[in-house]
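input_0.cif (mmCIF, C-alpha atoms) appears below.
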```cif
data_input
loop_
_atom_site.label_atom_id
_atom_site.label_comp_id
_atom_site.auth_asym_id
_atom_site.auth_seq_id
_atom_site.Cartn_x
_atom_site.Cartn_y
_atom_site.Cartn_z
CA MET R 11 -1.09 24.38 -2.06
CA THR R 12 1.92 22.19 -1.49
CA ARG R 13 2.32 18.98 -3.44
CA MET R 14 4.14 16.30 -1.47
CA LEU R 15 5.76 13.34 -3.19
CA VAL R 16 5.73 10.29 -0.93
CA GLU R 17 6.96 6.73 -1.23
CA GLY R 18 3.65 4.90 -1.03
CA ASP R 19 -0.06 4.65 -0.35
CA GLY R 20 0.33 4.55 3.43
CA ASP R 21 2.26 7.83 3.43
CA GLU R 22 -0.19 9.41 1.00
CA ARG R 23 -3.07 8.66 3.36
CA SER R 24 -1.25 9.33 6.64
CA VAL R 25 0.85 12.46 6.11
CA PRO R 26 -2.14 14.85 5.94
CA ILE R 27 -3.39 13.43 9.27
CA LEU R 28 0.07 13.77 10.83
CA LEU R 29 0.21 17.42 9.81
CA GLN R 30 -3.30 18.23 10.97
CA LYS R 31 -2.58 16.72 14.38
CA THR R 32 0.85 18.30 14.82
CA VAL R 33 0.39 21.71 13.24
CA GLY R 34 -3.09 22.09 14.73
CA ARG R 35 -4.77 23.26 11.56
CA ARG R 36 -5.58 21.94 8.15
CA VAL R 37 -2.52 22.24 5.93
CA GLU R 38 -3.08 22.94 2.25
CA LEU R 39 -1.35 19.84 0.97
CA SER R 40 -1.97 16.99 -1.38
CA CYS R 41 0.22 13.93 -1.62
CA ILE R 42 1.33 12.01 -4.68
CA ASP R 43 2.08 8.31 -4.22
CA MET R 44 5.26 7.69 -6.20
CA GLY R 45 5.03 3.90 -5.93
CA GLY R 46 8.23 3.44 -3.96
CA LYS R 47 11.36 5.32 -3.02
CA SER R 48 13.28 3.97 -6.01
CA ASN R 49 10.84 5.80 -8.32
CA ILE R 50 11.63 9.07 -6.55
CA VAL R 51 15.42 8.86 -6.56
CA ARG R 52 16.07 7.37 -10.00
CA LEU R 53 17.67 9.75 -12.47
CA ARG R 54 15.40 9.21 -15.47
CA ASN R 55 11.78 10.08 -14.74
CA GLY R 56 12.47 10.46 -11.04
CA PHE R 57 10.92 13.10 -8.80
CA GLU R 58 11.95 15.91 -11.17
CA HIS R 59 9.69 14.57 -13.90
CA THR R 60 6.68 14.53 -11.54
CA VAL R 61 7.47 18.00 -10.18
CA LEU R 62 7.64 19.44 -13.68
CA ARG R 63 4.33 17.81 -14.64
CA GLN R 64 2.78 19.31 -11.52
CA GLN R 65 4.30 22.71 -12.28
CA ALA R 66 2.53 22.61 -15.65
CA LEU R 67 -0.71 22.31 -13.63
CA GLY R 68 0.19 25.46 -11.68
CA PHE R 69 1.90 24.11 -8.55
CA VAL R 70 5.14 25.73 -7.36
CA GLU R 71 5.57 24.41 -3.77
CA PHE R 72 6.87 20.87 -3.40
CA GLN R 73 8.13 18.58 -0.68
CA VAL R 74 9.61 15.14 -1.15
CA LEU R 75 9.37 12.86 1.89
CA LEU R 76 11.90 10.04 1.92
CA ASP R 77 12.67 7.29 4.41
CA GLY R 78 16.27 7.24 5.57
CA ASP R 79 16.54 3.49 6.06
CA VAL R 80 17.63 2.27 2.60
CA PHE R 81 19.18 3.81 -0.50
CA PHE R 82 18.74 3.21 -4.21
CA ALA R 83 20.66 3.64 -7.44
CA PRO R 84 22.25 5.79 -8.66
CA TYR R 85 23.62 6.19 -5.13
CA ALA R 86 26.14 3.89 -3.47
CA ASN R 87 25.09 4.70 0.11
CA LEU R 88 22.62 6.74 2.12
CA HIS R 89 25.07 9.63 2.61
CA GLU R 90 25.43 9.99 -1.17
CA GLU R 91 21.67 9.78 -1.61
CA VAL R 92 21.01 12.56 0.94
CA LYS R 93 23.60 14.81 -0.69
CA GLY R 94 22.54 13.96 -4.25
CA MET R 95 18.83 14.51 -3.62
CA SER R 96 19.54 17.88 -2.02
CA GLU R 97 21.64 18.94 -5.01
CA ARG R 98 18.97 17.79 -7.45
CA ALA R 99 16.28 19.74 -5.57
CA LYS R 100 18.40 22.92 -5.60
CA GLN R 101 19.06 22.53 -9.30
CA LEU R 102 15.36 22.08 -10.01
CA GLU R 103 14.49 25.13 -7.89
CA GLN R 104 16.99 27.34 -9.70
CA SER R 105 16.24 26.19 -13.23
CA HIS R 106 12.42 26.25 -12.93
CA HIS R 107 11.73 28.86 -10.20
CA LEU R 108 10.14 26.40 -7.78
CA ASN R 109 10.36 25.65 -4.09
CA VAL R 110 11.44 22.05 -3.56
CA ARG R 111 12.17 20.72 -0.07
CA ILE R 112 13.61 17.26 0.49
CA VAL R 113 12.63 15.90 3.90
CA TRP R 114 13.98 12.74 5.53
CA ALA R 115 12.17 10.47 7.95
CA VAL R 116 14.97 8.99 10.05
CA ARG R 117 14.79 5.93 10.07
CA ASN R 118 11.41 5.94 8.35
CA TYR R 119 7.80 7.03 8.81
CA GLU R 120 7.29 4.02 11.09
CA SER R 121 9.97 5.34 13.46
CA TRP R 122 7.84 8.47 13.78
CA LEU R 123 4.80 6.33 14.60
CA ILE R 124 6.65 4.27 17.21
CA GLY R 125 7.64 7.44 19.02
CA GLY R 126 3.99 8.25 19.66
CA ILE R 127 2.89 4.86 20.96
CA MET R 128 2.41 5.09 24.68
CA LYS R 129 2.86 2.31 27.22
CA GLY R 130 -0.44 0.43 27.57
CA ALA R 131 -1.61 1.24 24.03
CA ARG R 132 -4.14 -1.21 22.55
CA TYR R 133 -5.41 0.24 19.31
CA CYS R 134 -4.98 -0.48 15.59
CA GLY R 135 -4.41 -4.18 16.24
CA LEU R 136 -1.55 -3.65 18.67
CA ALA R 137 -1.08 -6.16 21.43
CA ARG R 138 -0.89 -4.36 24.75
CA ILE R 139 2.37 -2.38 24.82
CA ASN R 140 3.85 -3.26 28.20
CA LYS R 141 7.21 -1.53 27.91
CA PRO R 142 7.92 2.08 27.06
CA VAL R 143 9.04 2.66 23.49
CA PRO R 144 12.61 3.85 22.82
CA GLY R 145 13.37 7.43 23.82
CA ASP R 146 15.06 8.20 20.49
CA THR R 147 13.30 6.48 17.62
CA GLN R 148 15.89 7.72 15.14
CA SER R 149 18.39 5.39 16.82
CA SER R 150 16.20 2.48 17.86
CA PRO R 151 14.67 0.16 16.87
CA ASP R 152 16.90 -0.81 13.95
CA ASP R 153 13.92 -2.02 11.88
CA PRO R 154 10.81 -0.03 12.85
CA LYS R 155 8.48 -1.97 10.51
CA GLU R 156 9.58 -5.25 12.08
CA TRP R 157 9.17 -3.74 15.57
CA LEU R 158 5.56 -2.91 14.67
CA ARG R 159 4.92 -6.33 13.09
CA GLU R 160 6.09 -8.04 16.27
CA ARG R 161 3.62 -5.99 18.32
CA LEU R 162 0.59 -6.41 16.10
CA LEU R 163 -1.82 -9.20 17.03
CA ASP R 164 -1.89 -10.52 13.46
CA GLY R 165 1.73 -9.57 12.64
CA ARG R 166 0.67 -7.64 9.53
CA TYR R 167 1.82 -4.08 9.14
CA ASN R 168 0.16 -2.38 6.16
CA PRO R 169 -1.13 1.03 4.99
CA ASP R 170 -4.38 0.59 6.96
CA VAL R 171 -2.41 0.08 10.18
CA GLN R 172 -0.23 3.09 9.29
CA LEU R 173 -3.34 5.21 8.84
CA CYS R 174 -4.90 3.98 12.08
CA LEU R 175 -1.71 4.64 14.05
CA SER R 176 -1.45 8.12 12.49
CA LEU R 177 -4.93 8.84 13.81
CA ASN R 178 -4.32 7.46 17.30
CA ILE R 179 -0.76 7.99 18.47
CA ASN R 180 0.49 10.88 20.58
CA TRP R 181 2.20 13.09 17.97
CA THR R 182 3.53 15.48 20.62
CA GLN R 183 5.40 12.61 22.24
CA ALA R 184 6.49 11.29 18.83
CA SER R 185 8.07 14.63 17.94
CA LYS R 186 9.97 14.64 21.22
CA ARG R 187 11.42 11.24 20.36
CA ASN R 188 12.41 11.90 16.74
CA ASN R 189 14.28 14.98 15.52
CA SER R 190 13.51 14.30 11.84
CA LEU R 191 9.79 14.47 12.67
CA ARG R 192 10.31 17.83 14.39
CA ILE R 193 12.18 19.13 11.33
CA PHE R 194 9.42 17.91 9.03
CA VAL R 195 6.63 19.52 11.07
CA ASP R 196 8.56 22.78 11.60
CA GLY R 197 8.53 23.26 7.82
CA PHE R 198 4.78 23.91 8.00
CA TYR R 199 4.79 26.75 10.53
#
```

Would you write the structure of this file as structure tokens?
Amino acid sequence: MTRMLVEGDGDERSVPILLQKTVGRRVELSCIDMGGKSNIVRLRNGFEHTVLRQQALGFVEFQVLLDGDVFFAPYANLHEEVKGMSERAKQLEQSHHLNVRIVWAVRNYESWLIGGIMKGARYCGLARINKPVPGDTQSSPDDPKEWLRERLLDGRYNPDVQLCLSLNINWTQASKRNNSLRIFVDGFY
């Protein structure tokens, strides 16, 4: 079974649904809510600490899902964070005989969701979507969470909406509109 470290509650609840709908079978996976991206990338007690605790329980396959919209210390920019997280994962793999895969949602999980919303959609509290969504959700919109807020009847995007959208969107279309989603899903075949 793969243990996946995710940024928050919405991801913890939604990622298994995403994988079931895209891979077409139940994936042996359990998610760990890390309470925010900063808790994953920090140097002291970051993702390595959690991975090693999970290894002590017998797990050896890990994935870390990170949004590529913001960066946190100790990194000065997103490029440094991507490179640094990859290096840290490789180091952890080599020193503890584990499989650790860092996966990036570009821009973020919400950009994956937007890619699967079809024109005319009216579910999960969405106002009727009258215009097609962007063709490349890695490039646009700049702020996917805000894009969703503006299209929700009550303007509140939260983990329940994320879960509902994960259940209802067209994941085939979403993967056509976001390369990082395709990369993520391909890791489970």

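Shortest separation to R:Cys134 among R:Pro169, R:Gly78, R:Gly56, R:Gly197 occurs at residue R:Pro169, atoms counted being only C-alpha atoms.
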
For R:Leu53, please output as an mmCIF file with C-alpha atoms, in the frame of the given file all residues within 10 Å (counting only C-alpha atoms; exclusion window: fewer than 4 positions along the same chain).
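part25.cif written:
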```cif
data_model
loop_
_atom_site.group_PDB
_atom_site.id
_atom_site.type_symbol
_atom_site.label_atom_id
_atom_site.label_comp_id
_atom_site.auth_asym_id
_atom_site.auth_seq_id
_atom_site.Cartn_x
_atom_site.Cartn_y
_atom_site.Cartn_z
ATOM 1 C CA SER R 48 13.280 3.970 -6.010
ATOM 2 C CA ASN R 49 10.840 5.800 -8.320
ATOM 3 C CA PHE R 57 10.920 13.100 -8.800
ATOM 4 C CA GLU R 58 11.950 15.910 -11.170
ATOM 5 C CA HIS R 59 9.690 14.570 -13.900
ATOM 6 C CA ALA R 83 20.660 3.640 -7.440
ATOM 7 C CA PRO R 84 22.250 5.790 -8.660
ATOM 8 C CA ARG R 98 18.970 17.790 -7.450
#
```

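For the choices R:Asp19, R:Glu38, R:Asp152, R:Glu91, the atom-to-atom distance to R:Glu71 is smallest for R:Glu38 when using all atoms listed in the file.
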
Within 6 Å of stretch 174-176 of chain R using all atoms listed in the file, minus same-chain residues under 3 positions, as a count of residues only: 4

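Within a radius of 10 Å around (4.8, 19.8, -4.2), the polymer residues are Met11, Thr12, Arg13, Met14, Leu15, Leu39, Ser40, Cys41, Ile42, Thr60, Val61, Leu62, Gln64, Gln65, Phe69, Val70, Glu71, Phe72, Gln73, Val74, Leu108, Asn109, Val110 and Arg111 of chain R, counting only C-alpha atoms.
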
Result set of the PyMOL selection byres ((chain R and resi 191) around 12) on the coordinates above, as JSON, numbers by chain: {"R": [25, 28, 29, 32, 33, 75, 76, 77, 113, 114, 115, 116, 117, 118, 119, 120, 121, 122, 123, 124, 125, 126, 146, 147, 148, 181, 182, 183, 184, 185, 186, 187, 188, 189, 190, 192, 193, 194, 195, 196, 197, 198]}

Run the PyMOL selection byres ((chain R and resi 138) around 12) on the file and write out the hits as a PyMOL selection string. chain R and resi 127-137+139-142+160-163

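Atom CA of R:Tyr85 lies 9.1 Å from atom CA of R:Arg52.
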
Between atom CA of R:Gly45 and atom CA of R:Val16, what distance in Å does the model show, to one decimal? 8.1 Å

With 5 Å added on each side, what axis-aligned box encloses every listed atom of stretch 58-65 of chain R? Give the centre and edge lengths in Å to one decimal, as AutoDock Vina command-line options.
```
--center_x 7.4 --center_y 18.6 --center_z -12.4 --size_x 19.2 --size_y 18.2 --size_z 14.5
```

Quick one, how far is atom CA of R:Lys31 from atom CA of R:Leu177? 8.2 Å

Kindly reconstruct stretch 24-53 of chain R with N, CA and C atoms and present the result as a PDB file, in the frame of the given file.
```pdb
ATOM      1  N   SER R  24      -1.569   9.001   5.247  1.00  0.00           N
ATOM      2  CA  SER R  24      -1.250   9.330   6.640  1.00  0.00           C
ATOM      3  C   SER R  24      -0.644  10.709   6.857  1.00  0.00           C
ATOM      4  N   VAL R  25       0.151  11.186   5.926  1.00  0.00           N
ATOM      5  CA  VAL R  25       0.850  12.460   6.110  1.00  0.00           C
ATOM      6  C   VAL R  25      -0.115  13.622   6.371  1.00  0.00           C
ATOM      7  N   PRO R  26      -1.228  13.745   5.628  1.00  0.00           N
ATOM      8  CA  PRO R  26      -2.140  14.850   5.940  1.00  0.00           C
ATOM      9  C   PRO R  26      -2.685  14.789   7.382  1.00  0.00           C
ATOM     10  N   ILE R  27      -2.918  13.592   7.891  1.00  0.00           N
ATOM     11  CA  ILE R  27      -3.390  13.430   9.270  1.00  0.00           C
ATOM     12  C   ILE R  27      -2.289  13.843  10.243  1.00  0.00           C
ATOM     13  N   LEU R  28      -1.074  13.385  10.001  1.00  0.00           N
ATOM     14  CA  LEU R  28       0.070  13.770  10.830  1.00  0.00           C
ATOM     15  C   LEU R  28       0.141  15.285  10.937  1.00  0.00           C
ATOM     16  N   LEU R  29       0.072  15.961   9.808  1.00  0.00           N
ATOM     17  CA  LEU R  29       0.210  17.420   9.810  1.00  0.00           C
ATOM     18  C   LEU R  29      -0.955  18.114  10.504  1.00  0.00           C
ATOM     19  N   GLN R  30      -2.158  17.629  10.300  1.00  0.00           N
ATOM     20  CA  GLN R  30      -3.300  18.230  10.970  1.00  0.00           C
ATOM     21  C   GLN R  30      -3.174  18.102  12.481  1.00  0.00           C
ATOM     22  N   LYS R  31      -2.701  16.951  12.936  1.00  0.00           N
ATOM     23  CA  LYS R  31      -2.580  16.720  14.380  1.00  0.00           C
ATOM     24  C   LYS R  31      -1.388  17.455  14.988  1.00  0.00           C
ATOM     25  N   THR R  32      -0.331  17.650  14.256  1.00  0.00           N
ATOM     26  CA  THR R  32       0.850  18.300  14.820  1.00  0.00           C
ATOM     27  C   THR R  32       0.840  19.807  14.649  1.00  0.00           C
ATOM     28  N   VAL R  33       0.397  20.286  13.507  1.00  0.00           N
ATOM     29  CA  VAL R  33       0.390  21.710  13.240  1.00  0.00           C
ATOM     30  C   VAL R  33      -0.845  22.366  13.872  1.00  0.00           C
ATOM     31  N   GLY R  34      -1.901  21.578  14.063  1.00  0.00           N
ATOM     32  CA  GLY R  34      -3.090  22.090  14.730  1.00  0.00           C
ATOM     33  C   GLY R  34      -4.064  22.795  13.814  1.00  0.00           C
ATOM     34  N   ARG R  35      -3.852  22.671  12.535  1.00  0.00           N
ATOM     35  CA  ARG R  35      -4.770  23.260  11.560  1.00  0.00           C
ATOM     36  C   ARG R  35      -4.658  22.446  10.282  1.00  0.00           C
ATOM     37  N   ARG R  36      -5.628  22.628   9.438  1.00  0.00           N
ATOM     38  CA  ARG R  36      -5.580  21.940   8.150  1.00  0.00           C
ATOM     39  C   ARG R  36      -4.492  22.579   7.293  1.00  0.00           C
ATOM     40  N   VAL R  37      -3.603  21.768   6.785  1.00  0.00           N
ATOM     41  CA  VAL R  37      -2.520  22.240   5.930  1.00  0.00           C
ATOM     42  C   VAL R  37      -2.926  22.024   4.481  1.00  0.00           C
ATOM     43  N   GLU R  38      -2.757  23.058   3.673  1.00  0.00           N
ATOM     44  CA  GLU R  38      -3.080  22.940   2.250  1.00  0.00           C
ATOM     45  C   GLU R  38      -2.006  22.085   1.583  1.00  0.00           C
ATOM     46  N   LEU R  39      -2.323  20.827   1.432  1.00  0.00           N
ATOM     47  CA  LEU R  39      -1.350  19.840   0.970  1.00  0.00           C
ATOM     48  C   LEU R  39      -2.078  18.711   0.270  1.00  0.00           C
ATOM     49  N   SER R  40      -1.503  18.236  -0.790  1.00  0.00           N
ATOM     50  CA  SER R  40      -1.970  16.990  -1.380  1.00  0.00           C
ATOM     51  C   SER R  40      -0.746  16.141  -1.685  1.00  0.00           C
ATOM     52  N   CYS R  41      -0.905  14.857  -1.464  1.00  0.00           N
ATOM     53  CA  CYS R  41       0.220  13.930  -1.620  1.00  0.00           C
ATOM     54  C   CYS R  41       0.103  13.156  -2.928  1.00  0.00           C
ATOM     55  N   ILE R  42       1.245  12.829  -3.472  1.00  0.00           N
ATOM     56  CA  ILE R  42       1.330  12.010  -4.680  1.00  0.00           C
ATOM     57  C   ILE R  42       2.103  10.750  -4.319  1.00  0.00           C
ATOM     58  N   ASP R  43       1.460   9.601  -4.462  1.00  0.00           N
ATOM     59  CA  ASP R  43       2.080   8.310  -4.220  1.00  0.00           C
ATOM     60  C   ASP R  43       2.990   7.993  -5.403  1.00  0.00           C
ATOM     61  N   MET R  44       4.289   7.933  -5.142  1.00  0.00           N
ATOM     62  CA  MET R  44       5.260   7.690  -6.200  1.00  0.00           C
ATOM     63  C   MET R  44       5.535   6.208  -6.441  1.00  0.00           C
ATOM     64  N   GLY R  45       4.875   5.336  -5.691  1.00  0.00           N
ATOM     65  CA  GLY R  45       5.030   3.900  -5.930  1.00  0.00           C
ATOM     66  C   GLY R  45       6.369   3.345  -5.502  1.00  0.00           C
ATOM     67  N   GLY R  46       6.959   3.929  -4.483  1.00  0.00           N
ATOM     68  CA  GLY R  46       8.230   3.440  -3.960  1.00  0.00           C
ATOM     69  C   GLY R  46       9.333   4.468  -4.031  1.00  0.00           C
ATOM     70  N   LYS R  47      10.244   4.368  -3.087  1.00  0.00           N
ATOM     71  CA  LYS R  47      11.360   5.320  -3.020  1.00  0.00           C
ATOM     72  C   LYS R  47      12.225   5.263  -4.268  1.00  0.00           C
ATOM     73  N   SER R  48      12.424   4.082  -4.827  1.00  0.00           N
ATOM     74  CA  SER R  48      13.280   3.970  -6.010  1.00  0.00           C
ATOM     75  C   SER R  48      12.747   4.814  -7.161  1.00  0.00           C
ATOM     76  N   ASN R  49      11.434   4.971  -7.259  1.00  0.00           N
ATOM     77  CA  ASN R  49      10.840   5.800  -8.320  1.00  0.00           C
ATOM     78  C   ASN R  49      11.110   7.283  -8.090  1.00  0.00           C
ATOM     79  N   ILE R  50      11.342   7.668  -6.866  1.00  0.00           N
ATOM     80  CA  ILE R  50      11.630   9.070  -6.550  1.00  0.00           C
ATOM     81  C   ILE R  50      13.080   9.404  -6.863  1.00  0.00           C
ATOM     82  N   VAL R  51      13.999   8.523  -6.468  1.00  0.00           N
ATOM     83  CA  VAL R  51      15.420   8.860  -6.560  1.00  0.00           C
ATOM     84  C   VAL R  51      16.062   8.534  -7.897  1.00  0.00           C
ATOM     85  N   ARG R  52      15.426   7.722  -8.717  1.00  0.00           N
ATOM     86  CA  ARG R  52      16.070   7.370 -10.000  1.00  0.00           C
ATOM     87  C   ARG R  52      16.302   8.627 -10.839  1.00  0.00           C
ATOM     88  N   LEU R  53      17.289   8.574 -11.690  1.00  0.00           N
ATOM     89  CA  LEU R  53      17.670   9.750 -12.470  1.00  0.00           C
ATOM     90  C   LEU R  53      16.719  10.018 -13.639  1.00  0.00           C
TER      91      LEU R  53
END
```
